[in-house]
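Student: Pasting upload27.txt below, which is compact mmCIF, C-alpha atoms.
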```
# COMPACT_ATOMS: atom_id res chain seq x y z
CA MET N 257 13.50 265.92 114.92
CA THR N 258 15.46 265.62 118.15
CA GLU N 259 16.96 262.64 119.90
CA ALA N 260 18.78 262.23 123.19
CA GLY N 261 22.53 262.50 122.75
CA ILE N 262 22.38 264.85 119.77
CA GLN N 263 22.37 268.55 120.51
CA GLU N 264 19.72 270.86 119.16
CA GLY N 265 20.64 273.04 116.24
CA GLN N 266 22.01 270.25 114.08
CA CYS N 267 21.97 271.00 110.36
CA TRP N 268 18.82 268.98 109.64
CA ASN N 269 16.94 271.15 112.14
CA ARG N 270 18.44 274.41 110.86
CA ILE N 271 18.82 274.18 107.09
CA GLY N 272 17.62 270.65 106.40
CA ILE N 273 14.27 268.99 105.93
CA TYR N 274 13.08 269.93 109.46
CA GLY N 275 14.32 273.51 109.11
CA SER N 276 14.53 276.08 106.37
CA ARG N 277 15.41 273.50 103.67
CA ALA N 278 18.13 275.81 102.41
CA CYS N 279 20.85 273.14 102.46
CA SER N 280 22.45 272.69 99.05
CA ARG N 281 22.76 268.93 99.61
CA LEU N 282 18.97 268.57 99.66
CA THR N 283 18.75 268.88 95.86
CA GLU N 284 20.91 265.80 95.65
CA VAL N 285 19.70 263.64 98.55
CA ILE N 286 16.03 264.84 98.67
CA HIS N 287 15.66 263.99 102.39
CA CYS N 288 18.12 264.34 105.27
CA ARG N 289 17.83 260.65 106.10
CA SER N 290 19.60 259.88 102.80
CA CYS N 291 22.45 262.27 103.67
CA ASP N 292 25.63 260.89 105.19
CA VAL N 293 25.87 263.76 107.72
CA TYR N 294 22.59 262.53 109.21
CA GLN N 295 23.70 258.89 109.10
CA VAL N 296 27.02 259.60 110.81
CA ALA N 297 25.19 261.51 113.53
CA GLY N 298 22.79 258.60 113.90
CA ARG N 299 25.62 256.12 114.39
CA ALA N 300 27.14 258.46 116.99
CA LEU N 301 24.09 257.68 119.16
CA PHE N 302 25.70 254.32 119.84
CA ASP N 303 28.71 256.03 121.43
CA ARG N 304 26.93 256.16 124.77
CA PRO N 305 27.56 253.94 127.76
CA PRO N 306 24.83 251.35 128.32
CA GLY N 307 22.72 251.44 131.48
CA GLU N 308 23.50 249.01 134.30
CA ASP N 309 20.02 247.49 134.14
CA SER N 310 20.46 246.94 130.39
CA ILE N 311 23.66 244.97 131.00
CA ASP N 312 21.83 242.78 133.53
CA ARG N 313 19.05 242.15 131.03
CA TRP N 314 21.47 241.24 128.22
CA THR N 315 23.36 238.89 130.54
CA GLU N 316 20.10 237.16 131.37
CA GLN N 317 18.97 237.01 127.74
CA LEU N 318 22.25 235.50 126.55
CA SER N 319 22.37 232.86 129.24
CA ALA N 320 18.75 231.80 128.80
CA VAL N 321 18.43 228.28 127.43
CA PRO N 322 15.91 228.24 124.58
CA ASP N 323 12.88 226.03 125.04
CA ASP N 324 13.39 222.67 123.50
CA ASP N 325 9.71 222.14 122.89
CA ALA N 326 9.03 221.88 119.21
CA ALA N 327 5.86 223.93 119.43
CA GLU N 328 5.51 226.06 116.36
CA ARG N 329 5.86 229.72 117.09
CA THR N 330 4.13 232.28 114.94
CA PRO N 331 5.67 235.72 114.45
CA LEU N 332 3.14 238.37 115.44
CA VAL N 333 3.20 242.13 115.71
CA VAL N 334 1.73 243.08 119.09
CA PHE N 335 0.12 246.48 119.59
CA ARG N 336 -2.18 248.22 122.03
CA LEU N 337 -5.59 249.73 121.32
CA GLY N 338 -7.11 251.50 124.32
CA GLU N 339 -6.50 249.21 127.28
CA GLU N 340 -6.23 245.98 125.35
CA TRP N 341 -3.44 244.21 123.50
CA PHE N 342 -3.90 242.82 120.01
CA ALA N 343 -1.67 241.04 117.54
CA LEU N 344 -1.61 240.60 113.80
CA PRO N 345 0.43 238.10 111.76
CA ALA N 346 3.82 239.65 111.02
CA GLU N 347 3.62 238.82 107.31
CA TRP N 348 0.49 240.94 107.06
CA VAL N 349 1.98 243.98 108.80
CA ARG N 350 4.20 246.18 106.69
CA GLU N 351 5.49 248.77 109.10
CA GLY N 352 4.85 250.88 112.14
CA ALA N 353 5.21 254.54 111.26
CA ALA N 354 4.60 258.04 112.50
CA PRO N 355 1.21 259.21 111.23
CA GLY N 356 1.33 261.27 108.07
CA PRO N 357 -1.14 263.98 107.07
CA TRP N 358 -4.61 262.63 106.39
CA ARG N 359 -7.93 264.02 105.18
CA ARG N 360 -11.53 262.94 105.23
CA VAL N 361 -13.28 261.79 102.10
CA PRO N 362 -16.61 263.63 101.59
CA HIS N 363 -19.67 261.40 101.97
CA ARG N 364 -17.50 258.37 102.69
CA SER N 365 -15.65 259.08 105.92
CA GLY N 366 -17.31 257.77 109.04
CA THR N 367 -16.29 256.33 112.37
CA GLU N 368 -14.73 253.22 110.84
CA PHE N 369 -13.33 254.52 107.56
CA LEU N 370 -11.66 257.77 108.53
CA GLY N 371 -10.16 258.94 105.24
CA ILE N 372 -6.95 258.83 103.27
CA MET N 373 -3.52 259.08 104.88
CA SER N 374 -0.26 259.88 103.14
CA VAL N 375 2.49 257.64 104.48
CA ARG N 376 5.72 258.83 102.86
CA GLY N 377 3.87 259.83 99.73
CA GLU N 378 1.78 256.66 99.44
CA LEU N 379 -1.95 257.31 99.78
CA ILE N 380 -3.50 254.62 101.95
CA PRO N 381 -7.08 254.16 103.24
CA TYR N 382 -7.09 255.15 106.92
CA PHE N 383 -9.30 253.14 109.25
CA SER N 384 -10.11 253.20 112.92
CA LEU N 385 -9.47 249.63 113.98
CA ALA N 386 -10.80 250.49 117.43
CA ALA N 387 -14.17 251.46 115.94
CA VAL N 388 -14.27 248.31 113.78
CA LEU N 389 -13.55 246.16 116.82
CA GLY N 390 -15.96 248.15 118.95
CA ILE N 391 -13.57 249.07 121.71
CA GLU N 392 -12.87 252.31 123.50
CA SER N 393 -9.60 253.85 122.40
CA GLU N 394 -8.02 257.20 122.94
CA ALA N 395 -5.76 256.49 120.01
CA ASP N 396 -7.65 257.76 116.98
CA SER N 397 -7.24 261.50 117.24
CA ALA N 398 -3.97 261.68 119.14
CA ALA N 399 -2.24 258.58 117.81
CA GLU N 400 1.52 258.75 117.77
CA ARG N 401 1.92 255.54 115.80
CA VAL N 402 0.09 254.04 112.89
CA LEU N 403 0.36 250.49 111.63
CA VAL N 404 0.53 249.98 107.85
CA CYS N 405 -0.83 246.57 106.85
CA GLY N 406 -1.87 244.53 103.87
CA GLY N 407 -0.30 243.29 100.67
CA GLU N 408 0.67 245.21 97.56
CA GLY N 409 -2.33 247.17 96.30
CA HIS N 410 -4.37 246.32 99.42
CA ARG N 411 -2.62 248.56 101.91
CA LEU N 412 -4.50 249.99 104.83
CA VAL N 413 -3.39 251.98 107.82
CA PHE N 414 -4.84 252.47 111.30
CA PRO N 415 -3.82 254.31 114.47
CA VAL N 416 -2.61 252.34 117.49
CA GLY N 417 -1.87 253.33 121.07
CA ALA N 418 1.55 251.71 121.16
CA ILE N 419 3.48 249.02 119.34
CA LEU N 420 5.08 246.40 121.56
CA GLY N 421 6.98 244.88 118.65
CA LEU N 422 7.48 241.49 117.09
CA ARG N 423 6.81 238.51 119.34
CA ARG N 424 6.96 234.81 118.54
CA LEU N 425 4.06 233.15 120.29
CA VAL N 426 2.66 229.64 120.39
CA LEU N 427 -0.80 229.43 118.81
CA ASP N 428 -2.56 226.12 119.37
CA GLU N 429 -6.01 224.70 119.93
CA THR N 430 -5.95 225.49 123.65
CA SER N 431 -5.60 229.17 122.96
CA ARG N 432 -8.81 229.35 120.93
CA PRO N 433 -11.20 231.90 122.43
CA PRO N 434 -14.52 230.67 123.85
CA ALA N 435 -17.27 230.46 121.24
CA THR N 436 -19.56 232.89 123.03
CA VAL N 437 -19.46 236.10 121.06
CA GLY N 438 -19.68 239.32 123.00
CA LYS N 439 -18.09 242.32 121.40
CA ALA N 440 -17.20 242.74 117.74
CA ALA N 441 -13.57 242.34 118.75
CA ASP N 442 -14.27 238.72 119.65
CA ALA N 443 -15.59 237.98 116.16
CA TYR N 444 -12.21 238.86 114.70
CA THR N 445 -10.20 237.10 117.40
CA ARG N 446 -8.73 233.77 116.39
CA TRP N 447 -6.56 233.12 119.43
CA LEU N 448 -6.12 234.46 122.93
CA VAL N 449 -2.57 234.23 124.20
CA ARG N 450 -1.20 234.86 127.68
CA HIS N 451 1.84 237.07 127.65
CA ALA N 452 3.88 239.20 130.05
CA VAL N 453 1.88 242.31 129.15
CA GLY N 454 -1.44 240.50 129.67
CA SER N 455 -3.86 238.71 127.41
CA ILE N 456 -3.25 239.27 123.70
CA ALA N 457 -6.05 238.83 121.18
CA VAL N 458 -4.62 237.54 117.90
CA LEU N 459 -6.75 238.92 115.10
CA ASP N 460 -7.79 237.12 111.94
CA ALA N 461 -6.04 239.16 109.24
CA GLU N 462 -8.09 237.73 106.38
CA ARG N 463 -11.47 238.44 107.92
CA LEU N 464 -10.33 241.85 109.04
CA SER N 465 -8.98 242.90 105.65
CA SER N 466 -12.09 241.74 103.81
CA ALA N 467 -14.30 243.53 106.34
CA LEU N 468 -12.28 246.72 105.99
CA GLU N 469 -12.21 246.52 102.21
CA ALA N 470 -15.99 246.05 102.23
CA LEU N 471 -16.23 249.44 103.92
CA LEU N 472 -14.59 251.02 100.88
CA ARG N 473 -17.07 249.69 98.32
CA MET R 118 31.98 238.59 100.67
CA LEU R 119 30.02 240.12 103.52
CA LEU R 120 32.10 241.43 106.41
CA VAL R 121 31.33 242.72 109.90
CA PRO R 122 33.73 245.65 110.26
CA PHE R 123 34.93 247.24 113.48
CA GLN R 124 37.55 249.77 114.47
CA ILE R 125 40.49 249.65 116.83
CA GLY R 126 42.50 252.81 117.41
CA GLY R 127 41.20 254.35 114.19
CA GLU R 128 42.20 251.32 112.10
CA HIS R 129 39.63 249.18 110.35
CA TYR R 130 39.33 245.45 110.91
CA ALA R 131 36.63 242.96 110.05
CA LEU R 132 35.37 239.43 110.54
CA PRO R 133 33.80 237.45 107.70
CA ALA R 134 30.05 237.52 108.34
CA ALA R 135 29.89 233.79 107.55
CA ASP R 136 31.84 233.11 110.77
CA VAL R 137 29.59 235.29 112.94
CA PHE R 138 26.60 233.60 114.58
CA THR R 139 25.22 236.61 116.40
CA VAL R 140 26.13 240.18 117.20
CA THR R 141 24.90 240.98 120.70
CA GLN R 142 25.25 243.62 123.34
CA VAL R 143 28.02 242.96 125.84
CA PRO R 144 26.77 241.04 128.88
CA ARG R 145 28.39 241.07 132.30
CA LEU R 146 31.68 239.20 131.95
CA ARG R 147 33.17 237.11 134.72
CA PRO R 148 36.94 237.66 134.87
CA LEU R 149 39.03 234.57 134.23
CA PRO R 150 42.03 234.19 136.54
CA GLN R 151 45.31 232.98 135.00
CA ALA R 152 44.09 233.90 131.54
CA PRO R 153 46.01 236.29 129.26
CA ALA R 154 45.03 239.97 129.47
CA TRP R 155 43.20 239.85 126.14
CA VAL R 156 40.68 237.41 127.59
CA ALA R 157 38.01 239.75 128.91
CA GLY R 158 36.26 236.98 130.81
CA VAL R 159 33.64 234.32 130.39
CA PHE R 160 29.88 234.52 129.91
CA ARG R 161 26.98 232.13 129.73
CA TYR R 162 25.42 231.54 126.34
CA ARG R 163 22.41 229.22 126.26
CA GLY R 164 23.74 227.13 129.08
CA ALA R 165 27.32 226.90 127.80
CA VAL R 166 30.25 228.89 129.15
CA LEU R 167 32.11 230.75 126.42
CA PRO R 168 35.26 232.88 126.62
CA ALA R 169 35.21 236.50 125.49
CA VAL R 170 38.33 237.78 123.78
CA ASP R 171 38.82 241.54 123.79
CA LEU R 172 40.13 242.36 120.30
CA THR R 173 40.95 245.95 121.33
CA GLN R 174 43.16 244.65 124.15
CA LEU R 175 44.73 242.12 121.82
CA ILE R 176 45.55 244.61 119.08
CA ALA R 177 45.90 248.00 120.79
CA GLY R 178 46.76 246.97 124.34
CA ARG R 179 43.82 248.72 126.00
CA PRO R 180 40.40 247.34 126.93
CA SER R 181 37.34 248.05 124.76
CA ARG R 182 35.35 251.06 125.87
CA ARG R 183 31.99 250.24 127.40
CA LEU R 184 29.70 251.89 124.85
CA LEU R 185 26.57 250.78 123.06
CA SER R 186 28.59 250.50 119.84
CA THR R 187 30.95 247.99 121.49
CA ARG R 188 29.48 244.61 120.71
CA LEU R 189 30.12 240.97 121.36
CA LEU R 190 30.43 238.91 118.19
CA LEU R 191 29.77 235.21 118.68
CA VAL R 192 31.89 233.24 116.24
CA GLY R 193 32.25 229.57 115.45
CA HIS R 194 32.17 227.06 112.66
CA ALA R 195 29.05 227.57 110.62
CA ARG R 196 29.18 224.01 109.27
CA GLY R 197 26.84 221.37 110.67
CA GLY R 198 23.49 222.03 112.25
CA GLU R 199 24.32 221.28 115.87
CA VAL R 200 27.49 223.30 116.34
CA GLY R 201 27.09 226.53 118.26
CA PRO R 202 29.45 229.45 118.69
CA ALA R 203 32.84 228.72 120.22
CA LEU R 204 34.00 232.17 121.22
CA GLY R 205 32.86 235.73 121.83
CA LEU R 206 34.89 238.62 120.43
CA LEU R 207 34.63 242.10 121.92
CA ALA R 208 35.07 244.87 119.37
CA GLU R 209 34.41 248.60 119.18
CA ARG R 210 32.26 250.43 116.63
CA VAL R 211 30.32 247.48 115.32
CA THR R 212 27.55 249.43 113.59
CA GLY R 213 27.15 247.95 110.13
CA THR R 214 28.30 245.55 107.46
CA GLU R 215 30.53 245.92 104.45
CA THR R 216 30.65 243.98 101.20
CA VAL R 217 34.10 243.39 99.77
CA ASP R 218 35.02 241.63 96.55
CA ARG R 219 36.81 238.39 97.38
CA ASP R 220 39.40 239.20 94.70
CA ALA R 221 40.22 242.46 96.49
CA LEU R 222 41.62 240.54 99.48
CA ARG R 223 45.41 240.40 99.56
CA GLU R 224 47.74 238.40 101.76
CA THR R 225 50.01 240.78 103.67
CA GLY R 226 53.03 238.57 103.09
CA VAL R 227 54.13 239.22 106.64
CA GLY R 228 53.66 236.30 108.99
CA ILE R 229 54.05 237.47 112.57
CA PRO R 230 54.69 234.65 115.04
CA GLY R 231 52.08 234.81 117.79
CA ALA R 232 49.73 236.90 115.64
CA GLU R 233 48.37 234.20 113.33
CA TRP R 234 44.93 235.73 113.87
CA LEU R 235 45.79 238.58 111.45
CA GLY R 236 44.37 237.79 108.03
CA GLU R 237 44.15 239.27 104.57
CA VAL R 238 43.94 242.98 103.80
CA ALA R 239 41.36 244.66 101.59
CA GLY R 240 41.36 248.22 100.31
CA LEU R 241 38.22 250.21 101.05
CA GLU R 242 37.48 253.60 99.56
CA GLN R 243 39.24 255.51 102.30
CA ALA R 244 41.03 252.99 104.41
CA LEU R 245 42.64 249.58 104.52
CA LEU R 246 40.74 246.87 106.28
CA GLN R 247 42.31 243.76 107.75
CA LEU R 248 40.49 240.51 108.34
CA ILE R 249 40.72 238.77 111.71
CA ARG R 250 40.86 234.99 111.94
CA TRP R 251 39.15 233.80 115.09
CA GLN R 252 40.38 230.21 114.92
CA PRO R 253 43.88 230.82 116.41
CA LEU R 254 42.22 232.67 119.31
CA ALA R 255 40.15 229.68 120.42
CA THR R 256 43.06 227.92 122.09
CA GLU R 257 42.79 224.64 123.95
CA GLU R 258 43.89 226.35 127.15
CA LEU R 259 40.96 228.77 126.90
CA ALA R 260 38.54 225.89 126.37
CA ARG R 261 40.02 224.13 129.42
CA LEU R 262 39.63 227.21 131.62
CA CYS R 263 36.02 227.57 130.48
CA ALA R 264 35.31 223.94 131.21
CA GLU R 265 36.65 224.49 134.73
CA VAL R 266 34.30 227.44 135.28
CA GLU R 267 31.40 225.34 134.01
CA ARG R 268 32.28 222.51 136.38
CA CYS R 269 32.67 224.73 139.43
CA GLY R 270 29.66 226.88 138.53
```
What does this structure look like when you write it as structure tokens?

Tutor:
Amino acid sequence: MTEAGIQEGQCWNRIGIYGSRACSRLTEVIHCRSCDVYQVAGRALFDRPPGEDSIDRWTEQLSAVPDDDAAERTPLVVFRLGEEWFALPAEWVREGAAPGPWRRVPHRSGTEFLGIMSVRGELIPYFSLAAVLGIESEADSAAERVLVCGGEGHRLVFPVGAILGLRRLVLDETSRPPATVGKAADAYTRWLVRHAVGSIAVLDAERLSSALEALLR
Amino acid sequence: MLLVPFQIGGEHYALPAADVFTVTQVPRLRPLPQAPAWVAGVFRYRGAVLPAVDLTQLIAGRPSRRLLSTRLLLVGHARGGEVGPALGLLAERVTGTETVDRDALRETGVGIPGAEWLGEVAGLEQALLQLIRWQPLATEELARLCAEVERCG
């Protein structure tokens, strides 16, 4: 694991979890991320000068006067599938993670239910959200991020193209999508919201999770 | 008691987290003429003009280094719903929080005139940590200078 600002050949790459695993501390801390050598090196990443454009952005963000309108804002996790942006309620999303190893399940794996993925030791059903929504996505095979969703005991994980992050958006009656149903994606879309990145389709987490769980039965 | 620790010249200091509204990156600061050297400048925060006090300059006599770990801590009275932060404090190595037992805080017993902003001392595992009181730093003169900037734009 490498990161700008930290030279190659650090102990976690040589004798640690990403190297030969010969480090004597590993018996105690199990993984390098629990080791204080790794944590101190991580904090050292902040000892870099900020970029000029970053300073301009922070100045602008601090001086911005927050909207006084009392419109209720809903926290959403925004992510990209193929060319389109989607969002899921933040309380339903658990984490964005690097994909773990996964395998197909004989006689069950298909285009929608892909198999079982191990995310830090937890085995979670692995779905292709793009296939469920019926959209073209390059993400499935070469995904660099996966999104872990669902409550305790109902976890599911799917590959995404990119994660924009948490956004607080206004969802109201005017942002309801038109009733004409085209693609499957529209059936799961509860709101359409304009945003800087483009139009974001806010998905119905309840319908989606019951549809995905139905695939497992 | 939750603290926001920072370091100045290898020594540990901290602000009580209850006093801190936000920890932000350092924006562009507009220098304030006629102000003491430890006033790094003023900045706009949600429409208001707030002064930024450089704690490194105040304590060690040199300005804070411009690094990502140097942050601006917005402090003010947490009481009441409407009151916002009164002051920004520039400090180096703001990268975490620390919990200290309130009983572990000791008065230094040394009152230095002109340095009323130095507070109690607590012993950490490896170092001593001294609390900073922000209230003596928010002087009326500073508020007046800020009001002038706000009026003149």

Student: Which distance in Å separates atom CA of Arg423 of chain N and atom CA of His451 of chain N, to one decimal?

Tutor: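 If I compute the distance from atom CA of Arg423 of chain N to atom CA of His451 of chain N, I get 9.8 Å.
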
Student: Distance table requested - chain N against chain R, cut-off 8 Å, all atoms listed in the file: one row per qualifying residue with the closest atom pair and its distance in Å to one decimal, ordered by chain and rising residue number, as a Markdown table.

Tutor:
```
| residue | atom | partner | partner_atom | distance |
| --- | --- | --- | --- | --- |
| N:Arg299 | CA | R:Thr212 | CA | 7.0 |
| N:Phe302 | CA | R:Ser186 | CA | 4.8 |
| N:Asp303 | CA | R:Leu184 | CA | 5.5 |
| N:Arg304 | CA | R:Leu184 | CA | 5.1 |
| N:Pro305 | CA | R:Leu184 | CA | 4.2 |
| N:Pro306 | CA | R:Leu185 | CA | 5.6 |
| N:Ile311 | CA | R:Pro144 | CA | 5.4 |
| N:Asp312 | CA | R:Arg145 | CA | 6.9 |
| N:Trp314 | CA | R:Pro144 | CA | 5.3 |
| N:Thr315 | CA | R:Pro144 | CA | 4.4 |
| N:Leu318 | CA | R:Tyr162 | CA | 5.1 |
| N:Ser319 | CA | R:Tyr162 | CA | 4.4 |
| N:Ala320 | CA | R:Arg163 | CA | 5.1 |
| N:Val321 | CA | R:Arg163 | CA | 4.3 |
| N:Pro322 | CA | R:Arg163 | CA | 6.8 |
```

Student: Hey, could you pull the box centre and edge lengths for segment 308-312 of chain N, axis-aligned, 6 Å padding per side, all listed atoms, to one decimal in Å, as lines of an AutoDock Vina configuration file?

Tutor:
```
center_x = 21.8
center_y = 245.9
center_z = 132.3
size_x = 15.6
size_y = 18.2
size_z = 15.9
```

Student: Go through R:Val238, R:Gly158, R:Arg179, R:Leu119 and flag the residue nearest Gly226 of chain R, using only C-alpha atoms for the distances.

Tutor: R:Val238

Student: For a test of reading the model, state the distance in Å between atom CA of Glu224 of chain R and atom CA of Gly236 of chain R, rounded to one decimal.

Tutor: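 Pair atom CA of Glu224 of chain R / atom CA of Gly236 of chain R returns 7.1 Å.
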
Student: What gap, in Å, lies between atom CA of Ser455 of chain N and atom CA of Ser310 of chain N?

Tutor: 25.8 Å

Student: Residues at most 9 Å from Ala157 of chain R, counting only C-alpha atoms, excluding those fewer than 4 positions away in the same chain, as a VMD selection string?

Tutor: chain R and resid 146 to 149 152 to 153 168 to 171 174 180 207

Student: Can you pull out the residues contacting Gly275 of chain N? Cut-off 12 Å, using only C-alpha atoms, and skip same-chain residues under 2 positions away; I want them as a PyMOL selection string.

Tutor: chain N and resi 257+264-273+277-279+282+287-288

Student: Restricting the calculation to only C-alpha atoms, which member of R:His194, R:Val159, R:Pro122, R:Val217 is positioned closest to Glu242 of chain R?

Tutor: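 Result for the nearest residue to Glu242 of chain R: R:Val217.
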
Student: Go through N:Ala386, N:Glu284, N:Ala300, N:Leu425 one by one, measure the shortest atom-to-atom distance of each to Glu339 of chain N using only C-alpha atoms, and give the residue with the smallest value.

Tutor: N:Ala386

Student: My structure is short of atoms at segment 278-296 of chain N; please model N, CA and C atoms there, returning them as a PDB file, keeping the file's coordinate frame.

Tutor:
```
ATOM      1  N   ALA N 278      17.245 275.017 103.253  1.00  0.00           N
ATOM      2  CA  ALA N 278      18.130 275.810 102.410  1.00  0.00           C
ATOM      3  C   ALA N 278      19.400 275.052 102.057  1.00  0.00           C
ATOM      4  N   CYS N 279      19.600 273.884 102.651  1.00  0.00           N
ATOM      5  CA  CYS N 279      20.850 273.140 102.460  1.00  0.00           C
ATOM      6  C   CYS N 279      21.007 272.748 100.991  1.00  0.00           C
ATOM      7  N   SER N 280      22.229 272.972 100.470  1.00  0.00           N
ATOM      8  CA  SER N 280      22.450 272.690  99.050  1.00  0.00           C
ATOM      9  C   SER N 280      22.461 271.193  98.777  1.00  0.00           C
ATOM     10  N   ARG N 281      22.725 270.380  99.820  1.00  0.00           N
ATOM     11  CA  ARG N 281      22.760 268.930  99.610  1.00  0.00           C
ATOM     12  C   ARG N 281      21.369 268.365  99.342  1.00  0.00           C
ATOM     13  N   LEU N 282      20.324 269.100  99.775  1.00  0.00           N
ATOM     14  CA  LEU N 282      18.970 268.570  99.660  1.00  0.00           C
ATOM     15  C   LEU N 282      18.577 268.319  98.195  1.00  0.00           C
ATOM     16  N   THR N 283      19.098 269.112  97.265  1.00  0.00           N
ATOM     17  CA  THR N 283      18.750 268.880  95.860  1.00  0.00           C
ATOM     18  C   THR N 283      19.242 267.515  95.408  1.00  0.00           C
ATOM     19  N   GLU N 284      20.312 267.070  96.046  1.00  0.00           N
ATOM     20  CA  GLU N 284      20.910 265.800  95.650  1.00  0.00           C
ATOM     21  C   GLU N 284      20.278 264.632  96.401  1.00  0.00           C
ATOM     22  N   VAL N 285      20.108 264.786  97.729  1.00  0.00           N
ATOM     23  CA  VAL N 285      19.700 263.640  98.550  1.00  0.00           C
ATOM     24  C   VAL N 285      18.199 263.647  98.847  1.00  0.00           C
ATOM     25  N   ILE N 286      17.473 264.700  98.493  1.00  0.00           N
ATOM     26  CA  ILE N 286      16.030 264.840  98.670  1.00  0.00           C
ATOM     27  C   ILE N 286      15.645 264.952 100.145  1.00  0.00           C
ATOM     28  N   HIS N 287      16.043 263.972 100.974  1.00  0.00           N
ATOM     29  CA  HIS N 287      15.660 263.990 102.390  1.00  0.00           C
ATOM     30  C   HIS N 287      16.915 263.782 103.226  1.00  0.00           C
ATOM     31  N   CYS N 288      16.927 264.421 104.410  1.00  0.00           N
ATOM     32  CA  CYS N 288      18.120 264.340 105.270  1.00  0.00           C
ATOM     33  C   CYS N 288      18.480 262.897 105.612  1.00  0.00           C
ATOM     34  N   ARG N 289      17.482 262.004 105.681  1.00  0.00           N
ATOM     35  CA  ARG N 289      17.830 260.650 106.100  1.00  0.00           C
ATOM     36  C   ARG N 289      18.660 259.921 105.043  1.00  0.00           C
ATOM     37  N   SER N 290      18.725 260.467 103.816  1.00  0.00           N
ATOM     38  CA  SER N 290      19.600 259.880 102.800  1.00  0.00           C
ATOM     39  C   SER N 290      20.973 260.536 102.785  1.00  0.00           C
ATOM     40  N   CYS N 291      21.192 261.507 103.679  1.00  0.00           N
ATOM     41  CA  CYS N 291      22.450 262.270 103.670  1.00  0.00           C
ATOM     42  C   CYS N 291      23.414 261.638 104.668  1.00  0.00           C
ATOM     43  N   ASP N 292      24.699 261.578 104.288  1.00  0.00           N
ATOM     44  CA  ASP N 292      25.630 260.890 105.190  1.00  0.00           C
ATOM     45  C   ASP N 292      25.909 261.674 106.470  1.00  0.00           C
ATOM     46  N   VAL N 293      25.708 262.993 106.472  1.00  0.00           N
ATOM     47  CA  VAL N 293      25.870 263.760 107.720  1.00  0.00           C
ATOM     48  C   VAL N 293      24.877 263.246 108.760  1.00  0.00           C
ATOM     49  N   TYR N 294      23.652 263.025 108.328  1.00  0.00           N
ATOM     50  CA  TYR N 294      22.590 262.530 109.210  1.00  0.00           C
ATOM     51  C   TYR N 294      22.894 261.108 109.665  1.00  0.00           C
ATOM     52  N   GLN N 295      23.416 260.292 108.759  1.00  0.00           N
ATOM     53  CA  GLN N 295      23.700 258.890 109.100  1.00  0.00           C
ATOM     54  C   GLN N 295      24.848 258.785 110.089  1.00  0.00           C
ATOM     55  N   VAL N 296      25.887 259.617 109.878  1.00  0.00           N
ATOM     56  CA  VAL N 296      27.020 259.600 110.810  1.00  0.00           C
ATOM     57  C   VAL N 296      26.562 260.027 112.193  1.00  0.00           C
TER      58      VAL N 296
END
```
